[in-house]
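Trainee: This is the content of coords_27.cif (mmCIF, C-alpha atoms and all ligand atoms):
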data_entry
loop_
_atom_site.label_atom_id
_atom_site.label_comp_id
_atom_site.auth_asym_id
_atom_site.auth_seq_id
_atom_site.Cartn_x
_atom_site.Cartn_y
_atom_site.Cartn_z
CA MET A 1 79.30 8.86 -9.56
CA GLU A 2 79.43 5.81 -11.83
CA ARG A 3 77.61 2.46 -11.96
CA LEU A 4 79.56 -0.55 -10.64
CA ASP A 5 79.08 -2.52 -13.88
CA LYS A 6 80.34 0.38 -15.99
CA SER A 7 83.33 0.86 -13.74
CA LEU A 8 84.33 -2.82 -13.96
CA ALA A 9 83.77 -2.97 -17.72
CA SER A 10 85.92 0.14 -18.22
CA GLN A 11 88.72 -1.60 -16.33
CA GLY A 12 88.62 -4.33 -18.98
CA LEU A 13 87.02 -6.98 -16.76
CA GLY A 14 84.68 -8.07 -19.52
CA SER A 15 81.60 -7.02 -21.48
CA ARG A 16 78.63 -5.54 -19.62
CA LYS A 17 77.03 -9.02 -19.68
CA GLU A 18 80.14 -10.74 -18.29
CA VAL A 19 80.53 -8.08 -15.63
CA HIS A 20 76.85 -8.52 -14.61
CA ALA A 21 77.46 -12.24 -14.12
CA LEU A 22 80.60 -11.52 -12.09
CA ILE A 23 78.73 -9.10 -9.80
CA LYS A 24 75.72 -11.43 -9.39
CA SER A 25 78.05 -14.31 -8.43
CA GLY A 26 79.07 -12.39 -5.29
CA ARG A 27 82.77 -12.18 -6.20
CA VAL A 28 82.78 -8.37 -6.16
CA THR A 29 83.11 -6.23 -3.04
CA VAL A 30 82.83 -2.46 -2.71
CA ASP A 31 84.59 -1.02 0.32
CA GLY A 32 84.71 -4.46 1.88
CA GLU A 33 81.02 -5.39 1.38
CA ILE A 34 79.77 -7.90 -1.21
CA CYS A 35 77.75 -5.99 -3.79
CA LYS A 36 75.41 -7.90 -6.09
CA LYS A 37 73.85 -4.84 -7.71
CA PRO A 38 75.32 -3.93 -11.12
CA GLU A 39 73.51 -0.58 -10.94
CA GLN A 40 75.18 0.37 -7.63
CA LYS A 41 76.47 3.95 -7.88
CA LEU A 42 79.94 4.68 -6.57
CA ASP A 43 82.77 7.17 -6.75
CA ALA A 44 85.17 5.24 -8.98
CA GLU A 45 88.12 7.38 -7.82
CA LYS A 46 87.57 6.60 -4.15
CA ALA A 47 85.72 3.29 -3.82
CA GLU A 48 87.81 0.18 -3.14
CA ILE A 49 86.52 -2.40 -5.59
CA CYS A 50 87.80 -5.97 -5.26
CA VAL A 51 87.21 -9.12 -7.29
CA ASP A 52 87.92 -12.35 -5.40
CA GLY A 53 89.42 -10.20 -2.64
CA LYS A 54 91.94 -8.53 -4.96
CA GLN A 55 91.74 -4.80 -5.55
CA ILE A 56 91.07 -3.57 -9.06
CA GLY A 57 93.69 -1.03 -10.12
CA THR A 58 93.01 2.47 -11.34
CA ASP A 59 96.49 3.56 -12.52
CA LYS A 60 96.57 4.87 -16.08
CA TYR A 61 99.42 2.54 -17.08
CA ILE A 62 100.17 -0.93 -15.88
CA TYR A 63 103.27 -3.07 -16.51
CA ILE A 64 102.92 -6.79 -15.90
CA MET A 65 105.50 -9.57 -15.83
CA MET A 66 103.99 -12.86 -16.98
CA ASN A 67 105.72 -16.22 -16.87
CA LYS A 68 104.11 -17.26 -20.13
CA PRO A 69 103.10 -20.89 -20.36
CA ALA A 70 103.24 -22.90 -23.57
CA GLY A 71 99.91 -23.22 -25.38
CA VAL A 72 98.75 -19.59 -25.26
CA VAL A 73 99.33 -17.02 -27.98
CA CYS A 74 100.75 -13.50 -27.72
CA ALA A 75 97.80 -11.62 -29.18
CA THR A 76 94.95 -9.51 -27.87
CA LYS A 77 92.32 -11.72 -29.56
CA ASP A 78 92.35 -15.11 -31.24
CA ASN A 79 89.57 -17.22 -32.68
CA THR A 80 91.11 -20.60 -31.88
CA ASP A 81 93.67 -20.27 -29.11
CA LYS A 82 93.68 -18.77 -25.65
CA THR A 83 95.63 -15.52 -25.52
CA VAL A 84 97.94 -14.21 -22.81
CA LEU A 85 95.23 -11.63 -22.02
CA ASP A 86 92.65 -14.40 -21.50
CA ILE A 87 94.72 -15.87 -18.67
CA LEU A 88 95.30 -12.58 -16.81
CA PRO A 89 93.80 -12.54 -13.30
CA PRO A 90 90.98 -9.95 -12.91
CA GLU A 91 93.02 -7.49 -10.85
CA PHE A 92 95.47 -6.99 -13.75
CA ARG A 93 92.85 -6.32 -16.40
CA ARG A 94 92.52 -2.95 -18.11
CA ARG A 95 91.36 -1.66 -21.43
CA GLY A 96 94.12 -1.35 -24.01
CA LEU A 97 96.46 -4.06 -22.70
CA PHE A 98 98.71 -5.86 -25.17
CA PRO A 99 101.75 -8.14 -25.02
CA ALA A 100 104.89 -6.06 -25.62
CA GLY A 101 106.61 -8.35 -28.10
CA ARG A 102 105.76 -11.83 -29.17
CA LEU A 103 106.77 -15.22 -27.91
CA ASP A 104 105.67 -18.20 -30.02
CA LYS A 105 102.77 -20.33 -28.81
CA ASP A 106 105.19 -23.02 -27.58
CA THR A 107 107.72 -20.60 -26.04
CA GLU A 108 107.65 -20.01 -22.30
CA GLY A 109 109.03 -17.38 -19.97
CA LEU A 110 109.32 -13.66 -19.51
CA LEU A 111 106.64 -11.59 -21.21
CA ILE A 112 105.73 -7.97 -20.48
CA ILE A 113 102.08 -6.98 -20.86
CA THR A 114 101.22 -3.28 -20.72
CA ASN A 115 98.88 -0.57 -21.98
CA ASP A 116 101.77 1.89 -22.46
CA GLY A 117 102.59 2.01 -26.18
CA ASP A 118 105.62 4.31 -25.85
CA PHE A 119 107.19 2.03 -23.26
CA ALA A 120 106.67 -1.04 -25.46
CA HIS A 121 108.10 0.72 -28.49
CA LYS A 122 111.21 1.71 -26.58
CA MET A 123 111.67 -1.83 -25.27
CA LEU A 124 111.26 -3.48 -28.66
CA SER A 125 113.05 -1.08 -31.01
CA PRO A 126 116.31 -2.69 -32.25
CA LYS A 127 117.82 0.83 -32.12
CA LYS A 128 117.55 0.78 -28.33
CA HIS A 129 119.61 -2.43 -28.16
CA VAL A 130 117.67 -3.99 -25.30
CA ASP A 131 119.07 -7.53 -25.03
CA LYS A 132 116.74 -10.50 -24.74
CA GLN A 133 118.11 -13.75 -23.34
CA TYR A 134 116.71 -17.19 -24.04
CA VAL A 135 117.51 -20.69 -22.89
CA ALA A 136 117.18 -23.09 -25.81
CA GLU A 137 117.19 -26.88 -25.72
CA LEU A 138 118.28 -28.40 -29.01
CA ASP A 139 118.08 -31.69 -30.87
CA GLY A 140 121.79 -31.48 -31.68
CA GLU A 141 125.10 -30.43 -30.20
CA ILE A 142 126.41 -26.88 -29.96
CA THR A 143 129.64 -26.50 -31.89
CA ASP A 144 132.33 -23.84 -31.79
CA SER A 145 131.52 -22.94 -35.39
CA MET A 146 127.88 -22.27 -34.40
CA ILE A 147 129.08 -19.91 -31.68
CA LYS A 148 131.20 -18.09 -34.30
CA SER A 149 128.28 -17.92 -36.77
CA PHE A 150 126.02 -16.36 -34.13
CA GLU A 151 128.79 -13.88 -33.30
CA ASN A 152 129.19 -12.91 -36.98
CA GLY A 153 125.44 -12.49 -37.56
CA ILE A 154 123.36 -15.37 -38.91
CA VAL A 155 121.96 -14.96 -42.42
CA PHE A 156 118.63 -16.70 -43.10
CA ALA A 157 118.01 -18.60 -46.35
CA ASP A 158 116.02 -15.62 -47.72
CA GLY A 159 119.01 -13.33 -47.23
CA THR A 160 117.78 -11.65 -44.03
CA LYS A 161 120.80 -10.77 -41.90
CA CYS A 162 120.60 -10.92 -38.11
CA LEU A 163 122.62 -8.66 -35.84
CA PRO A 164 125.49 -10.35 -34.00
CA ALA A 165 124.22 -12.59 -31.20
CA LYS A 166 125.85 -14.38 -28.30
CA LEU A 167 125.60 -18.14 -28.00
CA GLU A 168 126.82 -19.70 -24.74
CA ARG A 169 126.93 -23.41 -24.03
CA ILE A 170 125.10 -24.54 -20.89
CA ASP A 171 125.63 -28.19 -21.75
CA LYS A 172 125.97 -30.30 -24.90
CA CYS A 173 122.46 -29.56 -26.24
CA LYS A 174 121.41 -26.58 -24.14
CA ALA A 175 122.44 -22.97 -24.71
CA LYS A 176 121.88 -19.41 -23.64
CA VAL A 177 121.24 -17.04 -26.55
CA THR A 178 121.33 -13.25 -26.37
CA ILE A 179 119.76 -11.20 -29.15
CA CYS A 180 118.78 -7.53 -29.35
CA GLU A 181 116.10 -7.69 -32.03
CA GLY A 182 112.89 -9.63 -32.49
CA LYS A 183 112.48 -11.11 -35.94
CA TYR A 184 109.71 -13.66 -36.44
CA HIS A 185 110.79 -17.05 -34.98
CA GLN A 186 114.26 -15.55 -34.73
CA VAL A 187 115.97 -17.91 -32.29
CA LYS A 188 114.48 -21.04 -33.88
CA LYS A 189 115.51 -19.85 -37.37
CA MET A 190 119.02 -18.95 -36.22
CA PHE A 191 119.55 -22.49 -34.96
CA LEU A 192 117.86 -24.00 -38.02
CA SER A 193 120.34 -22.20 -40.22
CA CYS A 194 123.00 -24.17 -38.30
CA SER A 195 121.00 -27.39 -38.91
CA VAL A 196 119.71 -27.90 -35.36
CA LYS A 197 116.15 -27.70 -34.12
CA VAL A 198 114.98 -25.92 -30.95
CA VAL A 199 112.91 -28.39 -28.91
CA HIS A 200 112.23 -26.06 -25.98
CA LEU A 201 112.57 -22.30 -25.67
CA GLN A 202 112.26 -20.05 -22.65
CA ARG A 203 112.93 -16.30 -22.42
CA ILE A 204 114.74 -15.49 -19.20
CA SER A 205 115.51 -11.77 -19.42
CA ILE A 206 114.84 -8.46 -21.14
CA GLY A 207 117.62 -5.95 -20.54
CA ASN A 208 118.64 -6.55 -16.95
CA LEU A 209 115.17 -7.61 -15.87
CA TYR A 210 115.13 -11.35 -15.20
CA LEU A 211 112.16 -13.66 -15.00
CA ASP A 212 111.29 -13.98 -11.31
CA SER A 213 112.19 -17.56 -10.43
CA ASN A 214 109.41 -17.57 -7.80
CA LEU A 215 106.74 -16.76 -10.38
CA PRO A 216 105.00 -20.00 -11.36
CA THR A 217 104.34 -20.65 -15.04
CA GLY A 218 101.12 -18.89 -16.04
CA SER A 219 101.32 -16.37 -13.19
CA CYS A 220 101.78 -12.60 -13.24
CA LYS A 221 103.06 -9.80 -11.08
CA LYS A 222 103.22 -6.02 -11.45
CA LEU A 223 106.61 -4.56 -12.31
CA THR A 224 108.09 -2.17 -9.77
CA LYS A 225 109.66 1.14 -10.82
CA LEU A 226 113.10 -0.50 -10.44
CA ASP A 227 112.05 -3.48 -12.60
CA LYS A 228 111.10 -1.07 -15.37
CA GLU A 229 114.40 0.75 -15.07
CA LEU A 230 116.33 -2.52 -15.19
CA ILE A 231 114.94 -3.19 -18.67
CA PHE A 232 116.74 -0.15 -20.05
CA MET A 233 119.87 -0.24 -17.94
CA GLY A 234 123.05 -1.08 -19.82
CA LYS A 235 124.91 -4.20 -18.82
CA ILE A 236 125.44 -4.14 -15.07
CA TYR A 237 127.29 -7.43 -14.91
N1 LIG A 301 112.58 -16.61 -31.10
C1 LIG A 301 111.79 -17.63 -31.46
O1 LIG A 301 112.10 -18.38 -32.37
N2 LIG A 301 110.64 -17.81 -30.79
C2 LIG A 301 110.24 -17.02 -29.77
O2 LIG A 301 109.19 -17.25 -29.20
C3 LIG A 301 111.10 -15.98 -29.41
C4 LIG A 301 112.26 -15.78 -30.07
#
Rewrite the structure from the file as structure tokens, please.

Mentor:
Amino acid sequence: MERLDKSLASQGLGSRKEVHALIKSGRVTVDGEICKKPEQKLDAEKAEICVDGKQIGTDKYIYIMMNKPAGVVCATKDNTDKTVLDILPPEFRRRGLFPAGRLDKDTEGLLIITNDGDFAHKMLSPKKHVDKQYVAELDGEITDSMIKSFENGIVFADGTKCLPAKLERIDKCKAKVTICEGKYHQVKKMFLSCSVKVVHLQRISIGNLYLDSNLPTGSCKKLTKLDKELIFMGKIY
């Protein structure tokens, strides 16, 4: 048997103090009944604990798709900005969560948040060649020579060489970019080395897992087993 406050805190729902406030506010139910007693004893394996009507998970690992909004940072903690973990709804919270890979503060789109380090490593390692696709809006036109440069592997001013990437024109100043590595500010720097600036960037896929077009910006959903497999599946189309 475990106290309700301890159980919620161990699920990453906040500090003991924050969890007390949550319980006292009447937003927590245990087996369908509002429980305002932090000291309530329960069997954490069996009790159905909900916050705002949504059940708190107990799986060891969780894999979350977030449609990241601009303005939040991909970090577990930050002294000035809101992080992607700060905007997670209570039912997704756990100890040990982290964003698997970074999108810049102003980049939007597909982000995976998990507490499974091995999974994240596999997804991010350039050796695994998991493609990431982005839609970039630019302040200049896409030329055929830019497409060739991406194909040959862009070299940054400091000599860093990128692996070959695919650049596809969507329209004059909008392109789809496919890369299989994750250097710091990579897409923006690749375009800058061709003298154009990215004015908007959105990640749309990782492997064959695409951002769910029904997922509003700032929202999350749990990945299914198939979603996870799609990340590592070779090209299927
Ligand atoms: N490349 C960038 O420049 N920014 C991102 O957020 C992701 C890829």

Trainee: Taking all atoms listed in the file into account, report as a list in words which residues have an atom no farther than 7 Å from an atom of ligand LIG 301 (chain A).

Mentor: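 Residues lying within 7 Å of ligand LIG 301 (chain A): Arg102, Leu103, Asp104, Thr107, Gly182, Tyr184, His185, Gln186, Val187, Lys188 and Lys189 of chain A.
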
Trainee: Name all residues at most 6 Å from range 170-176 of chain A (count only C-alpha atoms; drop same-chain ones fewer than 3 positions away) and give them as a list of chain:residue names.

Mentor: A:Tyr134, A:Val135, A:Ala136, A:Glu137, A:Leu138, A:Gly140, A:Glu141, A:Leu167

Trainee: Would you output that residue set with C-alpha atoms, as a CSV table (one decimal), in the frame of the given file?

Mentor:
chain,number,residue,atom,x,y,z
A,134,TYR,CA,116.7,-17.2,-24.0
A,135,VAL,CA,117.5,-20.7,-22.9
A,136,ALA,CA,117.2,-23.1,-25.8
A,137,GLU,CA,117.2,-26.9,-25.7
A,138,LEU,CA,118.3,-28.4,-29.0
A,140,GLY,CA,121.8,-31.5,-31.7
A,141,GLU,CA,125.1,-30.4,-30.2
A,167,LEU,CA,125.6,-18.1,-28.0

Trainee: If we count all atoms listed in the file and set the cut-off at 9 Å, which residues sit around Glu48 in chain A, ignoring sequence neighbours fewer than 2 positions away in its own chain? Please answer as a list in words.

Mentor: Thr29, Val30, Asp31, Gly32, Ala44, Glu45, Lys46, Cys50, Gln55 and Ile56 of chain A

Trainee: To one decimal place, how far is CA of Ser205 in chain A from CA of Val177 in chain A in Å?

Mentor: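 Atom-to-atom, CA of Ser205 in chain A and CA of Val177 in chain A are spaced 10.6 Å apart.
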
Trainee: Which residues of range 92-119 of chain A come within 7 Å of range 57-77 of chain A, and what is each one's closest atom pair and distance in Å (one decimal), counting all atoms listed in the file, sorted by chain and residue number, as a tab-separated table?

Mentor:
residue	atom	partner	partner_atom	distance
A:Phe98	CA	A:Thr76	CA	5.9
A:Pro99	CA	A:Cys74	CA	6.1
A:Arg102	CA	A:Cys74	CA	5.5
A:Leu103	CA	A:Cys74	CA	6.3
A:Asp104	CA	A:Val73	CA	6.8
A:Lys105	CA	A:Val73	CA	4.8
A:Asp106	CA	A:Ala70	CA	4.5
A:Thr107	CA	A:Ala70	CA	5.6
A:Glu108	CA	A:Lys68	CA	5.0
A:Gly109	CA	A:Asn67	CA	4.7
A:Leu110	CA	A:Asn67	CA	5.1
A:Leu111	CA	A:Met66	CA	5.2
A:Ile112	CA	A:Met65	CA	4.9
A:Ile113	CA	A:Ile64	CA	5.0
A:Thr114	CA	A:Tyr63	CA	4.7
A:Asn115	CA	A:Tyr61	CA	5.8
A:Asp116	CA	A:Tyr61	CA	5.9

Trainee: Let's have the selection written as a PDB file, in the frame of the given file, with C-alpha atoms.

Mentor:
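Once written, again.pdb looks like this:
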ATOM      1  CA  PHE A  98      98.710  -5.860 -25.170  1.00  0.00           C
ATOM      2  CA  PRO A  99     101.750  -8.140 -25.020  1.00  0.00           C
ATOM      3  CA  ARG A 102     105.760 -11.830 -29.170  1.00  0.00           C
ATOM      4  CA  LEU A 103     106.770 -15.220 -27.910  1.00  0.00           C
ATOM      5  CA  ASP A 104     105.670 -18.200 -30.020  1.00  0.00           C
ATOM      6  CA  LYS A 105     102.770 -20.330 -28.810  1.00  0.00           C
ATOM      7  CA  ASP A 106     105.190 -23.020 -27.580  1.00  0.00           C
ATOM      8  CA  THR A 107     107.720 -20.600 -26.040  1.00  0.00           C
ATOM      9  CA  GLU A 108     107.650 -20.010 -22.300  1.00  0.00           C
ATOM     10  CA  GLY A 109     109.030 -17.380 -19.970  1.00  0.00           C
ATOM     11  CA  LEU A 110     109.320 -13.660 -19.510  1.00  0.00           C
ATOM     12  CA  LEU A 111     106.640 -11.590 -21.210  1.00  0.00           C
ATOM     13  CA  ILE A 112     105.730  -7.970 -20.480  1.00  0.00           C
ATOM     14  CA  ILE A 113     102.080  -6.980 -20.860  1.00  0.00           C
ATOM     15  CA  THR A 114     101.220  -3.280 -20.720  1.00  0.00           C
ATOM     16  CA  ASN A 115      98.880  -0.570 -21.980  1.00  0.00           C
ATOM     17  CA  ASP A 116     101.770   1.890 -22.460  1.00  0.00           C
TER      18      ASP A 116
END

Trainee: In Å, how far is it from CA of Met146 in chain A to CA of Val198 in chain A?

Mentor: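 Straight-line distance from CA of Met146 in chain A to CA of Val198 in chain A works out to 13.8 Å.
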
Trainee: Work out how far CA of Gln11 in chain A is from CA of Ile34 in chain A, in Å to one decimal.

Mentor: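 CA of Ile34 in chain A sits 18.7 Å away from CA of Gln11 in chain A.
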
Trainee: Name all residues at most 9 Å from Ser125 in chain A (count all atoms listed in the file; drop same-chain ones fewer than 4 positions away) and give them as a ChimeraX atom specification.

Mentor: /A:120-121,129-130,180-182

Trainee: Using only C-alpha atoms, find the one residue out of A:Glu39, A:Glu151, A:Glu2, A:Asp131 that sits nearest to Arg203 in chain A.

Mentor: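 Residue with the minimum atom-to-atom distance to Arg203 in chain A: A:Asp131.
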
Trainee: Here is a test: counting all atoms listed in the file, which residue of A:Cys35, A:Lys221, A:Ile154, A:Glu168 is nearest to Met190 in chain A?

Mentor: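 Of the candidates, the smallest distance to Met190 in chain A is held by A:Ile154.
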
Trainee: Quick one: of A:Leu88, A:Met233, A:Leu4, A:Ala9, who's nearest to Lys37 in chain A, counting all atoms listed in the file?

Mentor: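 Answer, going by the shortest atom-to-atom distance: A:Leu4.
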
Trainee: Need to verify the contact set: Leu8 in chain A, 9 Å, all atoms listed in the file, exclusion of same-chain residues closer than 4 positions in sequence. Can you return it as an NGL selection string?

Mentor: :A and (3-4 or 12-14 or 16 or 19 or 49 or 56)

Trainee: So, with all atoms listed in the file as the atoms that count, which of A:Gln133, A:Val51, A:Leu192, A:Ile23 lies closest to Tyr210 in chain A?

Mentor: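 Smallest distance to Tyr210 in chain A is found for A:Gln133.
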